Every structure is written in C-alpha cells, then in structure tokens.
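Q: Structure file input24.pdb, PDB, C-alpha atoms (C1' of nucleotides), is pasted below:
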MODEL        1
ATOM      1  CA  MET A  10      -7.279  -8.017   1.390
ATOM      2  CA  SER A  11      -6.982  -5.661  -1.538
ATOM      3  CA  MET A  12      -3.157  -5.570  -1.542
ATOM      4  CA  THR A  13      -3.636  -2.294  -3.264
ATOM      5  CA  SER A  14      -0.608  -0.103  -2.951
ATOM      6  CA  THR A  15       2.370  -0.382  -0.646
ATOM      7  CA  ASP A  16       2.557  -4.060   0.047
ATOM      8  CA  SER A  17       6.248  -3.964   0.807
ATOM      9  CA  ASN A  18       6.152  -3.088   4.432
ATOM     10  CA  GLY A  19       7.819  -4.895   7.263
ATOM     11  CA  ALA A  20       5.789  -3.278   9.896
ATOM     12  CA  LEU A  21       3.879  -6.235  11.254
ATOM     13  CA  PRO A  22       2.390  -4.137  14.005
ATOM     14  CA  ARG A  23       0.106  -6.051  16.257
ATOM     15  CA  HIS A  24       2.149  -9.200  16.289
ATOM     16  CA  TYR A  25       5.601  -7.708  16.718
ATOM     17  CA  LEU A  26       5.242  -4.256  18.115
ATOM     18  CA  LYS A  27       3.582  -5.478  21.261
ATOM     19  CA  PRO A  28       6.103  -8.173  22.249
ATOM     20  CA  CYS A  29       8.847  -5.853  21.150
ATOM     21  CA  LEU A  30       7.707  -3.101  23.485
ATOM     22  CA  LEU A  31       7.266  -5.552  26.316
ATOM     23  CA  LEU A  32      10.784  -6.848  25.783
ATOM     24  CA  LEU A  33      12.308  -3.388  25.697
ATOM     25  CA  LEU A  34      10.495  -2.493  28.887
ATOM     26  CA  ALA A  35      11.663  -5.721  30.466
ATOM     27  CA  GLU A  36      15.167  -4.479  29.781
ATOM     28  CA  GLY A  37      14.390  -1.324  31.714
ATOM     29  CA  PRO A  38      11.957   1.583  32.072
ATOM     30  CA  SER A  39      11.661   3.887  29.117
ATOM     31  CA  HIS A  40       9.399   6.397  27.461
ATOM     32  CA  GLY A  41       7.530   6.474  24.168
ATOM     33  CA  TYR A  42       9.863   8.523  22.088
ATOM     34  CA  GLU A  43      12.875   6.466  23.067
ATOM     35  CA  LEU A  44      11.008   3.212  22.568
ATOM     36  CA  LEU A  45      10.107   4.342  19.086
ATOM     37  CA  GLU A  46      13.751   4.721  18.193
ATOM     38  CA  GLN A  47      14.716   1.454  19.805
ATOM     39  CA  VAL A  48      11.980  -0.367  17.964
ATOM     40  CA  ARG A  49      13.131   1.133  14.698
ATOM     41  CA  ARG A  50      16.715   0.206  15.444
ATOM     42  CA  MET A  51      15.522  -3.367  15.924
ATOM     43  CA  GLY A  52      14.500  -3.392  12.282
ATOM     44  CA  ILE A  53      10.800  -2.735  12.581
ATOM     45  CA  LYS A  54      10.755   0.051  10.086
ATOM     46  CA  GLY A  55       7.029   0.521   9.889
ATOM     47  CA  ALA A  56       6.835   1.661  13.492
ATOM     48  CA  GLU A  57       5.189   5.061  13.670
ATOM     49  CA  PRO A  58       4.463   7.339  16.604
ATOM     50  CA  GLY A  59       0.688   7.165  16.323
ATOM     51  CA  GLY A  60       0.520   3.421  16.654
ATOM     52  CA  LEU A  61       3.237   3.200  19.236
ATOM     53  CA  TYR A  62       1.681   5.637  21.649
ATOM     54  CA  ARG A  63      -1.607   3.884  21.164
ATOM     55  CA  TYR A  64      -0.121   0.518  22.003
ATOM     56  CA  LEU A  65       1.494   1.901  25.120
ATOM     57  CA  ARG A  66      -1.782   3.362  26.359
ATOM     58  CA  ALA A  67      -3.608   0.169  25.472
ATOM     59  CA  MET A  68      -1.065  -1.924  27.320
ATOM     60  CA  GLU A  69      -1.462   0.327  30.306
ATOM     61  CA  LYS A  70      -5.217  -0.139  30.222
ATOM     62  CA  GLU A  71      -4.492  -3.849  30.223
ATOM     63  CA  GLU A  72      -2.156  -3.314  33.152
ATOM     64  CA  MET A  73       0.801  -4.792  31.342
ATOM     65  CA  VAL A  74       2.690  -1.577  31.993
ATOM     66  CA  SER A  75       2.278   1.406  34.250
ATOM     67  CA  SER A  76       3.452   4.956  33.713
ATOM     68  CA  TRP A  77       3.906   8.393  35.186
ATOM     69  CA  TRP A  78       5.013  11.800  34.023
ATOM     70  CA  GLU A  79       8.589  12.662  34.534
ATOM     71  CA  PRO A  80      10.183  16.061  33.838
ATOM     72  CA  SER A  81      13.008  16.119  31.354
ATOM     73  CA  GLN A  82      16.194  18.065  31.904
ATOM     74  CA  ALA A  83      15.983  19.090  28.257
ATOM     75  CA  GLY A  84      12.722  19.115  26.385
ATOM     76  CA  PRO A  85       9.102  18.403  27.294
ATOM     77  CA  ALA A  86       8.104  16.029  30.069
ATOM     78  CA  ARG A  87       8.068  12.334  29.327
ATOM     79  CA  ARG A  88       5.753   9.564  30.284
ATOM     80  CA  THR A  89       7.953   6.874  31.744
ATOM     81  CA  TYR A  90       6.753   3.303  31.405
ATOM     82  CA  VAL A  91       7.669   0.249  33.422
ATOM     83  CA  LEU A  92       6.650  -3.347  32.995
ATOM     84  CA  THR A  93       4.285  -4.703  35.623
ATOM     85  CA  GLU A  94       4.411  -8.191  37.066
ATOM     86  CA  TYR A  95       1.445  -9.028  34.878
ATOM     87  CA  GLY A  96       3.217  -7.527  31.897
ATOM     88  CA  ARG A  97       6.192  -9.735  32.508
ATOM     89  CA  ASN A  98       3.866 -12.707  32.292
ATOM     90  CA  GLY A  99       2.399 -11.288  29.127
ATOM     91  CA  LEU A 100       5.877 -11.040  27.697
ATOM     92  CA  ASN A 101       6.531 -14.687  28.502
ATOM     93  CA  GLU A 102       3.377 -15.747  26.720
ATOM     94  CA  SER A 103       4.041 -13.414  23.830
ATOM     95  CA  VAL A 104       7.486 -14.853  23.424
ATOM     96  CA  GLN A 105       6.162 -18.371  23.444
ATOM     97  CA  SER A 106       3.873 -17.582  20.568
ATOM     98  CA  LEU A 107       6.724 -15.868  18.750
ATOM     99  CA  ARG A 108       8.702 -19.082  19.064
ATOM    100  CA  ASP A 109       5.838 -20.864  17.363
ATOM    101  CA  VAL A 110       5.834 -18.247  14.652
ATOM    102  CA  ARG A 111       9.565 -18.617  14.202
ATOM    103  CA  GLU A 112       9.137 -22.320  13.723
ATOM    104  CA  ILE A 113       6.468 -21.864  11.094
ATOM    105  CA  LEU A 114       8.696 -19.320   9.420
ATOM    106  CA  VAL A 115      11.692 -21.596   9.388
ATOM    107  CA  THR A 116       9.637 -24.435   7.972
ATOM    108  CA  LEU A 117       8.261 -22.176   5.306
ATOM    109  CA  LEU A 118      11.654 -20.801   4.333
ATOM    110  CA  ASP A 119      13.151 -24.287   4.243
ATOM    111  CA  ARG A 120      10.382 -25.429   1.973
ATOM    112  CA  PHE A 121      11.027 -22.455  -0.238
ATOM    113  CA  ASP A 122      14.726 -23.228  -0.415
ATOM    114  CA  THR A 123      14.107 -26.813  -1.475
ATOM    115  CA  LEU A 124      11.659 -25.802  -4.168
ATOM    116  CA  PRO A 125      12.644 -27.409  -7.441
ATOM    117  CA  THR A 126      14.366 -24.893  -9.675
ATOM    118  CA  LYS A 127      12.159 -23.381 -12.319
ATOM    119  CA  VAL A 128      13.303 -24.791 -15.612
ATOM    120  CA  ALA A 129      16.037 -27.307 -15.154
ATOM    121  CA  VAL A 130      17.490 -27.174 -18.636
ATOM    122  CA  SER A 131      19.161 -30.471 -19.371
ATOM    123  CA  ARG A 132      22.662 -29.712 -20.556
ATOM    124  CA  PRO A 133      24.036 -32.569 -22.637
TER     125      PRO A 133
ATOM    126  CA  MET B  13      -5.662  -1.729  19.385
ATOM    127  CA  SER B  14      -8.027  -2.695  22.157
ATOM    128  CA  MET B  15      -6.590  -6.181  22.625
ATOM    129  CA  THR B  16     -10.033  -6.910  23.934
ATOM    130  CA  SER B  17     -10.739 -10.590  23.947
ATOM    131  CA  THR B  18      -8.895 -13.428  22.268
ATOM    132  CA  ASP B  19      -5.367 -12.196  22.082
ATOM    133  CA  SER B  20      -3.954 -15.693  22.049
ATOM    134  CA  ASN B  21      -4.223 -16.400  18.377
ATOM    135  CA  GLY B  22      -1.501 -17.596  16.088
ATOM    136  CA  ALA B  23      -3.307 -16.633  12.993
ATOM    137  CA  LEU B  24      -1.059 -13.942  11.564
ATOM    138  CA  PRO B  25      -3.059 -13.722   8.366
ATOM    139  CA  ARG B  26      -1.949 -10.938   6.134
ATOM    140  CA  HIS B  27       1.751 -11.476   6.606
ATOM    141  CA  TYR B  28       1.875 -15.245   6.493
ATOM    142  CA  LEU B  29      -1.160 -16.442   4.665
ATOM    143  CA  LYS B  30      -0.122 -14.788   1.432
ATOM    144  CA  PRO B  31       3.457 -16.075   1.214
ATOM    145  CA  CYS B  32       2.229 -19.386   2.470
ATOM    146  CA  LEU B  33      -0.308 -19.737  -0.301
ATOM    147  CA  LEU B  34       2.233 -18.642  -2.880
ATOM    148  CA  LEU B  35       4.689 -21.236  -1.617
ATOM    149  CA  LEU B  36       2.127 -24.017  -1.656
ATOM    150  CA  LEU B  37       1.166 -23.097  -5.189
ATOM    151  CA  ALA B  38       4.822 -22.994  -6.175
ATOM    152  CA  GLU B  39       4.940 -26.604  -5.057
ATOM    153  CA  GLY B  40       2.124 -27.406  -7.439
ATOM    154  CA  PRO B  41      -1.398 -26.454  -8.529
ATOM    155  CA  SER B  42      -4.085 -26.827  -5.950
ATOM    156  CA  HIS B  43      -7.539 -25.630  -4.983
ATOM    157  CA  GLY B  44      -8.895 -23.615  -2.077
ATOM    158  CA  TYR B  45     -10.205 -26.355   0.114
ATOM    159  CA  GLU B  46      -6.984 -28.314  -0.093
ATOM    160  CA  LEU B  47      -4.861 -25.225   0.443
ATOM    161  CA  LEU B  48      -6.842 -24.509   3.569
ATOM    162  CA  GLU B  49      -5.918 -27.876   5.020
ATOM    163  CA  GLN B  50      -2.292 -27.554   3.963
ATOM    164  CA  VAL B  51      -2.038 -24.126   5.532
ATOM    165  CA  ARG B  52      -3.497 -25.450   8.752
ATOM    166  CA  ARG B  53      -1.127 -28.390   8.737
ATOM    167  CA  MET B  54       1.718 -25.898   8.452
ATOM    168  CA  GLY B  55       0.705 -24.579  11.854
ATOM    169  CA  ILE B  56      -1.312 -21.552  10.880
ATOM    170  CA  LYS B  57      -4.282 -22.412  12.999
ATOM    171  CA  GLY B  58      -6.222 -19.216  12.527
ATOM    172  CA  ALA B  59      -6.735 -19.860   8.827
ATOM    173  CA  GLU B  60     -10.392 -19.817   7.968
ATOM    174  CA  PRO B  61     -12.216 -20.442   4.700
ATOM    175  CA  GLY B  62     -13.634 -16.947   4.330
ATOM    176  CA  GLY B  63     -10.310 -15.201   4.395
ATOM    177  CA  LEU B  64      -8.541 -17.845   2.385
ATOM    178  CA  TYR B  65     -10.930 -17.792  -0.541
ATOM    179  CA  ARG B  66     -10.816 -14.040  -0.524
ATOM    180  CA  TYR B  67      -7.033 -14.013  -0.583
ATOM    181  CA  LEU B  68      -7.021 -16.359  -3.516
ATOM    182  CA  ARG B  69      -9.412 -14.161  -5.452
ATOM    183  CA  ALA B  70      -7.415 -11.079  -4.560
ATOM    184  CA  MET B  71      -4.198 -12.704  -5.694
ATOM    185  CA  GLU B  72      -5.868 -13.624  -8.922
ATOM    186  CA  LYS B  73      -6.937 -10.025  -9.447
ATOM    187  CA  GLU B  74      -3.301  -9.126  -8.925
ATOM    188  CA  GLU B  75      -2.346 -11.804 -11.449
ATOM    189  CA  MET B  76      -0.159 -13.636  -8.985
ATOM    190  CA  VAL B  77      -2.199 -16.753  -9.669
ATOM    191  CA  SER B  78      -4.657 -17.876 -12.280
ATOM    192  CA  SER B  79      -7.495 -20.332 -11.947
ATOM    193  CA  TRP B  80     -10.186 -22.325 -13.682
ATOM    194  CA  TRP B  81     -13.014 -24.608 -12.729
ATOM    195  CA  GLU B  82     -12.308 -28.271 -12.729
ATOM    196  CA  PRO B  83     -14.906 -30.972 -12.179
ATOM    197  CA  SER B  84     -14.298 -33.305  -9.289
ATOM    198  CA  GLN B  85     -14.772 -37.055  -9.525
ATOM    199  CA  ALA B  86     -16.393 -36.902  -6.099
ATOM    200  CA  GLY B  87     -17.978 -33.725  -4.798
ATOM    201  CA  PRO B  88     -18.536 -30.266  -6.184
ATOM    202  CA  ALA B  89     -16.307 -28.700  -8.819
ATOM    203  CA  ARG B  90     -13.095 -27.086  -7.689
ATOM    204  CA  ARG B  91     -11.339 -23.941  -8.704
ATOM    205  CA  THR B  92      -7.814 -24.979  -9.474
ATOM    206  CA  TYR B  93      -5.106 -22.384  -8.938
ATOM    207  CA  VAL B  94      -1.639 -22.167 -10.415
ATOM    208  CA  LEU B  95       1.135 -19.716  -9.768
ATOM    209  CA  THR B  96       1.887 -17.293 -12.573
ATOM    210  CA  GLU B  97       5.327 -16.106 -13.542
ATOM    211  CA  TYR B  98       4.544 -12.850 -11.825
ATOM    212  CA  GLY B  99       3.366 -14.750  -8.779
ATOM    213  CA  ARG B 100       6.640 -16.603  -8.628
ATOM    214  CA  ASN B 101       8.367 -13.236  -8.443
ATOM    215  CA  GLY B 102       5.957 -12.174  -5.772
ATOM    216  CA  LEU B 103       6.870 -15.280  -3.831
ATOM    217  CA  ASN B 104      10.550 -14.447  -4.089
ATOM    218  CA  GLU B 105       9.979 -10.967  -2.730
ATOM    219  CA  SER B 106       7.636 -12.227  -0.076
ATOM    220  CA  VAL B 107      10.214 -14.725   1.051
ATOM    221  CA  GLN B 108      12.885 -12.077   1.228
ATOM    222  CA  SER B 109      10.795 -10.027   3.572
ATOM    223  CA  LEU B 110      10.058 -13.125   5.630
ATOM    224  CA  ARG B 111      13.789 -13.627   5.996
ATOM    225  CA  ASP B 112      14.001 -10.128   7.401
ATOM    226  CA  VAL B 113      11.192 -10.908   9.770
ATOM    227  CA  ARG B 114      12.912 -14.089  10.854
ATOM    228  CA  GLU B 115      16.030 -12.149  11.652
ATOM    229  CA  ILE B 116      14.152  -9.631  13.758
ATOM    230  CA  LEU B 117      12.425 -12.507  15.476
ATOM    231  CA  VAL B 118      15.662 -14.287  16.247
ATOM    232  CA  THR B 119      17.201 -11.104  17.608
ATOM    233  CA  LEU B 120      14.182 -10.482  19.745
ATOM    234  CA  LEU B 121      14.103 -14.011  21.110
ATOM    235  CA  ASP B 122      17.819 -13.927  21.838
ATOM    236  CA  ARG B 123      17.403 -10.714  23.722
ATOM    237  CA  PHE B 124      14.591 -12.255  25.679
ATOM    238  CA  ASP B 125      16.711 -15.258  26.569
ATOM    239  CA  THR B 126      19.530 -13.112  27.891
ATOM    240  CA  LEU B 127      17.203 -10.997  29.990
ATOM    241  CA  PRO B 128      18.477 -10.865  33.557
ATOM    242  CA  THR B 129      16.497 -13.208  35.773
ATOM    243  CA  LYS B 130      13.838 -11.521  37.854
ATOM    244  CA  VAL B 131      14.978 -11.683  41.434
ATOM    245  CA  ALA B 132      18.273 -13.417  41.794
ATOM    246  CA  VAL B 133      17.930 -14.404  45.411
ATOM    247  CA  SER B 134      21.377 -14.728  46.903
ATOM    248  CA  ARG B 135      21.570 -18.093  48.636
ATOM    249  CA  PRO B 136      24.261 -18.106  51.314
TER     250      PRO B 136
ATOM    251  C1'  DG C  19     -35.497 -38.306   0.864
ATOM    252  C1'  DC C  20     -32.074 -36.852   4.246
ATOM    253  C1'  DC C  21     -27.596 -36.199   6.201
ATOM    254  C1'  DT C  22     -22.675 -35.361   5.857
ATOM    255  C1'  DA C  23     -18.435 -34.078   3.594
ATOM    256  C1'  DT C  24     -16.641 -31.342   0.162
ATOM    257  C1'  DA C  25     -16.183 -26.872  -2.211
ATOM    258  C1'  DG C  26     -16.557 -22.076  -2.877
ATOM    259  C1'  DA C  27     -18.296 -17.477  -1.857
ATOM    260  C1'  DT C  28     -20.304 -13.419   0.465
ATOM    261  C1'  DG C  29     -22.172 -10.071   4.040
ATOM    262  C1'  DT C  30     -21.288  -7.616   7.830
ATOM    263  C1'  DA C  31     -19.955  -5.928  12.377
ATOM    264  C1'  DT C  32     -15.978  -4.899  14.539
ATOM    265  C1'  DA C  33     -10.945  -4.187  15.065
ATOM    266  C1'  DT C  34      -6.736  -2.345  13.406
ATOM    267  C1'  DT C  35      -3.939   0.765  10.584
ATOM    268  C1'  DG C  36      -1.968   4.633   8.391
ATOM    269  C1'  DT C  37      -1.890   9.350   7.980
ATOM    270  C1'  DA C  38      -2.411  13.742   9.208
ATOM    271  C1'  DT C  39      -2.735  16.901  12.641
ATOM    272  C1'  DC C  40      -2.439  19.136  17.240
ATOM    273  C1'  DT C  41      -0.315  20.661  21.604
ATOM    274  C1'  DA C  42       3.592  21.828  24.263
ATOM    275  C1'  DT C  43       8.430  22.449  25.984
ATOM    276  C1'  DC C  44      13.227  23.535  25.651
ATOM    277  C1'  DC C  45      17.290  25.202  23.264
ATOM    278  C1'  DG C  46      20.168  27.718  20.088
ATOM    279  C1'  DG C  47      20.669  31.406  17.037
ATOM    280  C1'  DT C  48      19.882  36.263  15.752
TER     281       DT C  48
ATOM    282  C1'  DA D  17      12.349  38.958  22.158
ATOM    283  C1'  DC D  18      11.343  35.978  18.417
ATOM    284  C1'  DC D  19      11.962  32.047  15.402
ATOM    285  C1'  DG D  20      12.794  27.337  14.064
ATOM    286  C1'  DG D  21      13.985  22.735  15.098
ATOM    287  C1'  DA D  22      14.211  18.769  18.073
ATOM    288  C1'  DT D  23      11.801  16.441  21.522
ATOM    289  C1'  DA D  24       7.532  14.409  23.429
ATOM    290  C1'  DG D  25       2.986  12.858  23.526
ATOM    291  C1'  DA D  26      -1.704  12.436  21.867
ATOM    292  C1'  DT D  27      -5.913  12.131  18.938
ATOM    293  C1'  DA D  28      -9.269  12.095  14.908
ATOM    294  C1'  DC D  29     -10.699   9.931  11.061
ATOM    295  C1'  DA D  30     -10.802   7.425   6.822
ATOM    296  C1'  DA D  31      -9.392   3.257   4.865
ATOM    297  C1'  DT D  32      -8.488  -1.689   5.540
ATOM    298  C1'  DA D  33      -8.511  -6.096   7.438
ATOM    299  C1'  DT D  34     -10.386  -9.739  10.283
ATOM    300  C1'  DA D  35     -13.468 -12.935  12.395
ATOM    301  C1'  DC D  36     -17.657 -15.027  12.214
ATOM    302  C1'  DA D  37     -21.762 -16.480  10.470
ATOM    303  C1'  DT D  38     -24.199 -17.664   6.666
ATOM    304  C1'  DC D  39     -25.404 -19.218   1.932
ATOM    305  C1'  DT D  40     -25.230 -22.093  -2.287
ATOM    306  C1'  DA D  41     -24.349 -26.390  -4.435
ATOM    307  C1'  DT D  42     -22.794 -31.328  -5.509
ATOM    308  C1'  DA D  43     -21.892 -36.200  -4.596
ATOM    309  C1'  DG D  44     -22.329 -40.218  -1.897
ATOM    310  C1'  DG D  45     -24.039 -43.154   1.843
ATOM    311  C1'  DC D  46     -27.998 -44.875   4.153
TER     312       DC D  46
ENDMDL
END
Can you give me the file's structure in the form of structure tokens?

A:
Amino acid sequence: MSMTSTDSNGALPRHYLKPCLLLLLAEGPSHGYELLEQVRRMGIKGAEPGGLYRYLRAMEKEEMVSSWWEPSQAGPARRTYVLTEYGRNGLNESVQSLRDVREILVTLLDRFDTLPTKVAVSRP
Amino acid sequence: MSMTSTDSNGALPRHYLKPCLLLLLAEGPSHGYELLEQVRRMGIKGAEPGGLYRYLRAMEKEEMVSSWWEPSQAGPARRTYVLTEYGRNGLNESVQSLRDVREILVTLLDRFDTLPTKVAVSRP
DNA sequence: GCCTATAGATGTATATTGTATCTATCCGGT
DNA sequence: ACCGGATAGATACAATATACATCTATAGGC
C-alpha cells in the first residue's frame, strides 16, 4: 500500500485502460496518439503516453490487436491498430467483468447512501 | 503490463478494497478476519488476508482508522478497528471518485452495447 | 496430544506504474 | 536555412503494488 502521496487519481490503468482501448478499437482502427486523446476524453485522466503505448504493444503481443506503420499527411508516421477477432472476444470478456465491477460499485454506493447520518441531533 | 497468466481476476484491490473497508467500518467497528469475509461477500473475490491486513495497518498509519486488541470469547484476540473522523472524510472522497468511475463505466458499457454488430448478414 | 478454525502478520518474488527521457517528422514563422 | 512547437512513438528505470506462501498463536473438539 503506502498511500503515500497523490492518492487522488482516477487512472485505474490495468482494469480500465485495457477494455477502454479494446472498445475504441472495436469502434474503428486508430493509432496511439489519437487513442490517448480519446481515452482522456472518456474521463480517464490518468492516462499517460508511456503506459498507453505499452498496453498497445502488449495487446499486440497477445494478438488482441495488430498494427502497421502508416504515413501521415502531416506529421510523423503512425502505427495504426485494428482489433483482431481474438481481441473482439477479449473485449467481450473484459466487458463482462466490467459489468460485474459495475454491480459491485452500485451496491457499494447504495450502501454508502443509506449509511445512517453521523450525529442525528434530536430536535425537540 | 505483460498480462501473462491469470488475467481473469475481479480483484481490483487498490481502488476498491480501500473504499470498501472504509464503508464497512462506517457501518460499524469490525476486525480484519470479519472484514475479509464481508469484502468477499460483496463480490470482491480476489481479496486475500495478506493484502487486507496490510491495508488496515496502512490506513491506521494514515489515521483513517484506529484499532485496539480485544479478547475473543472463542479463539485468538482480535484487533478491532473503528473509523476515525478523518477516515469518514476519506470515505466521502473515496466515494466521490467511485461515482466518477461508475460514470465512466456506464458510458463505456453503453458504448459497447451500441457497437455495430459484427457481420450483419443480409438475409433476402 | 492432535487437528481444525479463527486471527493476525510478514517475507519475498514478480508485476505494474509513474516519470523522465529520447528519437523523429512536418509545418509555420523569420 | 534555422528554430520551435505539435505530432507520434518508444524505452529505461526507480518506486510501488500484488499474489502467494508462510509463520505465529489461541481455543475448542475429539
């Protein structure tokens, strides 16, 4: 643990970045830099280039995605990624586990909301 | 990354275990062993004693909780934990960030559900 | 005495992260 | 021609976190 310094993130990398990238690629081919912005727009603020490029390469090693270089009309060449058949399956599974997470989350938040109020001062 | 072996967890420790423990303690004092079972009952299957006890100690160092030994009528003594005032604040903040996470999750799942179906075979 | 359930804690190898840093290309301005 | 900024991708390394196994100890049943 340690919980030392910046505890207030919202990054949640390994559990959200991966399904998030798979989803975005299921919506269409893309490249790292663009995915980074899309991921950030989705609200995952902690997304950072280092991790993102790593995940993409790792997913390629896993054969969830495949990629190739593509020249850009303006700027350096990009590595375009597409979801593989296997990756689409991975997305399905990933999503199923996210549904489970959502349920746990909802339960937890409900329980929080029904927590008895701190000091219920009796007002006569 | 690596995503080597068991990717199919559901553990989600650092982001759920902490708020979860804070919530459970907000519901009333408890001790590690019991919290472990409660956490598991909540659906967090990956919870394991090692991590849990460490989180509790870490939270105590942070003064989110405080604890003392209490003899048990049957079995070894227990370390009873209660939420501190500061811990209650921590819970509030934790919950707020979980709400954010829930929203991202819902968005993501919605987007998944509206994904165009793979191969829409036209049936004449 | 021995076994099991309860209870808490620690050691350690490995995995994951955050951060900084590096390379390179294209474009606009001067 | 040269510079700086935006775009694009990648990697190295230290710091953290996690999973897993292991260890201690107590009470109760047999």

Q: Excluding segment 25-42 of chain D and its own-chain neighbours fewer than 3 positions away, which residues fall within 10 Å of it when counting only C-alpha atoms (C1' of nucleotides)? Please give them as a PyMOL selection string.

A: (chain A and resi 10-12+40-42+58-59+62-63+85-88) or (chain B and resi 25-26+58+60+62-63+84+86-89) or (chain C and resi 24-42)

Q: Restricting the calculation to only C-alpha atoms (C1' of nucleotides), which member of A:Val115, A:Pro80, A:Val74, A:Met68 is positioned closest to chain C?

A: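 Going through A:Val115, A:Pro80, A:Val74, A:Met68 one by one, the smallest distance to chain C is for A:Pro80.
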
Q: Kindly give the distance, in Å, that separates atom CA of Glu94 of chain A and atom CA of Val110 of chain A, rounded to a single decimal.

A: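 Computing it gives 24.6 Å between the two atoms.
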
Q: Using only C-alpha atoms (C1' of nucleotides) for the distances, tell me which of B:Val94, B:Leu48, B:Ala59, B:Met54 is nearest to chain D.

A: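 Looking at the shortest contact to chain D, the residue is B:Ala59.
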
Q: Taking the file as shown, find all residues satisfying the PyMOL selection byres ((chain B) within 8 of (chain A)) and write them as a count of residues only.

A: 31

Q: Report, in Å with one decimal, the straight-line distance from atom CA of Arg49 of chain A to atom CA of Asp119 of chain A.

A: 27.5 Å

Q: If I take atom CA of Gly99 of chain B and atom CA of Glu75 of chain B, how far is one from the other in Å, to one decimal?

A: 7.0 Å

Q: Find, counting only C-alpha atoms (C1' of nucleotides), the residue in A:Thr89, A:Glu69, A:Asn98, A:Leu61 that gets nearest to chain C.

A: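 Using only C-alpha atoms (C1' of nucleotides), the shortest distance to chain C belongs to A:Leu61.
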
Q: Given 8 Å on each side, where is the centre and what are the edge lengths in Å to one decimal of the axis-aligned box enclosing the listed atoms of segment 30-40 of chain B, as JSON?

A:
{"center_x": 2.3, "center_y": -21.1, "center_z": -2.5, "size_x": 21.2, "size_y": 28.6, "size_z": 25.9}

Q: Could you give me segment 47-69 of chain A completed to N, CA and C atoms, formatted as a PDB file, in the coordinates of the input?

A:
ATOM      1  N   GLN A  47      14.173   2.788  19.555  1.00  0.00           N
ATOM      2  CA  GLN A  47      14.716   1.454  19.805  1.00  0.00           C
ATOM      3  C   GLN A  47      14.054   0.421  18.917  1.00  0.00           C
ATOM      4  N   VAL A  48      12.738   0.556  18.801  1.00  0.00           N
ATOM      5  CA  VAL A  48      11.980  -0.367  17.964  1.00  0.00           C
ATOM      6  C   VAL A  48      12.451  -0.275  16.515  1.00  0.00           C
ATOM      7  N   ARG A  49      12.664   0.945  16.070  1.00  0.00           N
ATOM      8  CA  ARG A  49      13.131   1.133  14.698  1.00  0.00           C
ATOM      9  C   ARG A  49      14.525   0.559  14.514  1.00  0.00           C
ATOM     10  N   ARG A  50      15.361   0.742  15.509  1.00  0.00           N
ATOM     11  CA  ARG A  50      16.715   0.206  15.444  1.00  0.00           C
ATOM     12  C   ARG A  50      16.689  -1.316  15.378  1.00  0.00           C
ATOM     13  N   MET A  51      15.633  -1.906  15.967  1.00  0.00           N
ATOM     14  CA  MET A  51      15.522  -3.367  15.924  1.00  0.00           C
ATOM     15  C   MET A  51      15.153  -3.877  14.541  1.00  0.00           C
ATOM     16  N   GLY A  52      14.803  -2.978  13.644  1.00  0.00           N
ATOM     17  CA  GLY A  52      14.500  -3.392  12.282  1.00  0.00           C
ATOM     18  C   GLY A  52      13.033  -3.279  11.906  1.00  0.00           C
ATOM     19  N   ILE A  53      12.219  -2.906  12.880  1.00  0.00           N
ATOM     20  CA  ILE A  53      10.800  -2.735  12.581  1.00  0.00           C
ATOM     21  C   ILE A  53      10.607  -1.330  12.038  1.00  0.00           C
ATOM     22  N   LYS A  54      10.736  -1.251  10.726  1.00  0.00           N
ATOM     23  CA  LYS A  54      10.755   0.051  10.086  1.00  0.00           C
ATOM     24  C   LYS A  54       9.394   0.734  10.078  1.00  0.00           C
ATOM     25  N   GLY A  55       8.363  -0.056   9.994  1.00  0.00           N
ATOM     26  CA  GLY A  55       7.029   0.521   9.889  1.00  0.00           C
ATOM     27  C   GLY A  55       6.511   1.150  11.172  1.00  0.00           C
ATOM     28  N   ALA A  56       7.297   1.098  12.230  1.00  0.00           N
ATOM     29  CA  ALA A  56       6.835   1.661  13.492  1.00  0.00           C
ATOM     30  C   ALA A  56       6.646   3.167  13.359  1.00  0.00           C
ATOM     31  N   GLU A  57       5.502   3.647  13.779  1.00  0.00           N
ATOM     32  CA  GLU A  57       5.189   5.061  13.670  1.00  0.00           C
ATOM     33  C   GLU A  57       4.601   5.546  14.981  1.00  0.00           C
ATOM     34  N   PRO A  58       4.848   6.812  15.297  1.00  0.00           N
ATOM     35  CA  PRO A  58       4.463   7.339  16.604  1.00  0.00           C
ATOM     36  C   PRO A  58       3.005   7.061  16.972  1.00  0.00           C
ATOM     37  N   GLY A  59       2.110   7.337  16.039  1.00  0.00           N
ATOM     38  CA  GLY A  59       0.688   7.165  16.323  1.00  0.00           C
ATOM     39  C   GLY A  59       0.390   5.802  16.920  1.00  0.00           C
ATOM     40  N   GLY A  60       0.773   4.782  16.205  1.00  0.00           N
ATOM     41  CA  GLY A  60       0.520   3.421  16.654  1.00  0.00           C
ATOM     42  C   GLY A  60       1.217   3.104  17.953  1.00  0.00           C
ATOM     43  N   LEU A  61       2.457   3.521  18.048  1.00  0.00           N
ATOM     44  CA  LEU A  61       3.237   3.200  19.236  1.00  0.00           C
ATOM     45  C   LEU A  61       2.629   3.771  20.504  1.00  0.00           C
ATOM     46  N   TYR A  62       2.285   5.043  20.460  1.00  0.00           N
ATOM     47  CA  TYR A  62       1.681   5.637  21.649  1.00  0.00           C
ATOM     48  C   TYR A  62       0.361   4.952  21.969  1.00  0.00           C
ATOM     49  N   ARG A  63      -0.343   4.577  20.936  1.00  0.00           N
ATOM     50  CA  ARG A  63      -1.607   3.884  21.164  1.00  0.00           C
ATOM     51  C   ARG A  63      -1.396   2.546  21.869  1.00  0.00           C
ATOM     52  N   TYR A  64      -0.395   1.814  21.403  1.00  0.00           N
ATOM     53  CA  TYR A  64      -0.121   0.518  22.003  1.00  0.00           C
ATOM     54  C   TYR A  64       0.255   0.673  23.467  1.00  0.00           C
ATOM     55  N   LEU A  65       1.065   1.682  23.737  1.00  0.00           N
ATOM     56  CA  LEU A  65       1.494   1.901  25.120  1.00  0.00           C
ATOM     57  C   LEU A  65       0.284   2.169  26.020  1.00  0.00           C
ATOM     58  N   ARG A  66      -0.595   3.058  25.565  1.00  0.00           N
ATOM     59  CA  ARG A  66      -1.782   3.362  26.359  1.00  0.00           C
ATOM     60  C   ARG A  66      -2.650   2.132  26.516  1.00  0.00           C
ATOM     61  N   ALA A  67      -2.777   1.371  25.430  1.00  0.00           N
ATOM     62  CA  ALA A  67      -3.608   0.169  25.472  1.00  0.00           C
ATOM     63  C   ALA A  67      -3.014  -0.844  26.448  1.00  0.00           C
ATOM     64  N   MET A  68      -1.709  -0.983  26.409  1.00  0.00           N
ATOM     65  CA  MET A  68      -1.065  -1.924  27.320  1.00  0.00           C
ATOM     66  C   MET A  68      -1.218  -1.464  28.761  1.00  0.00           C
ATOM     67  N   GLU A  69      -1.262  -0.166  28.947  1.00  0.00           N
ATOM     68  CA  GLU A  69      -1.462   0.327  30.306  1.00  0.00           C
ATOM     69  C   GLU A  69      -2.883   0.011  30.776  1.00  0.00           C
TER      70      GLU A  69
END
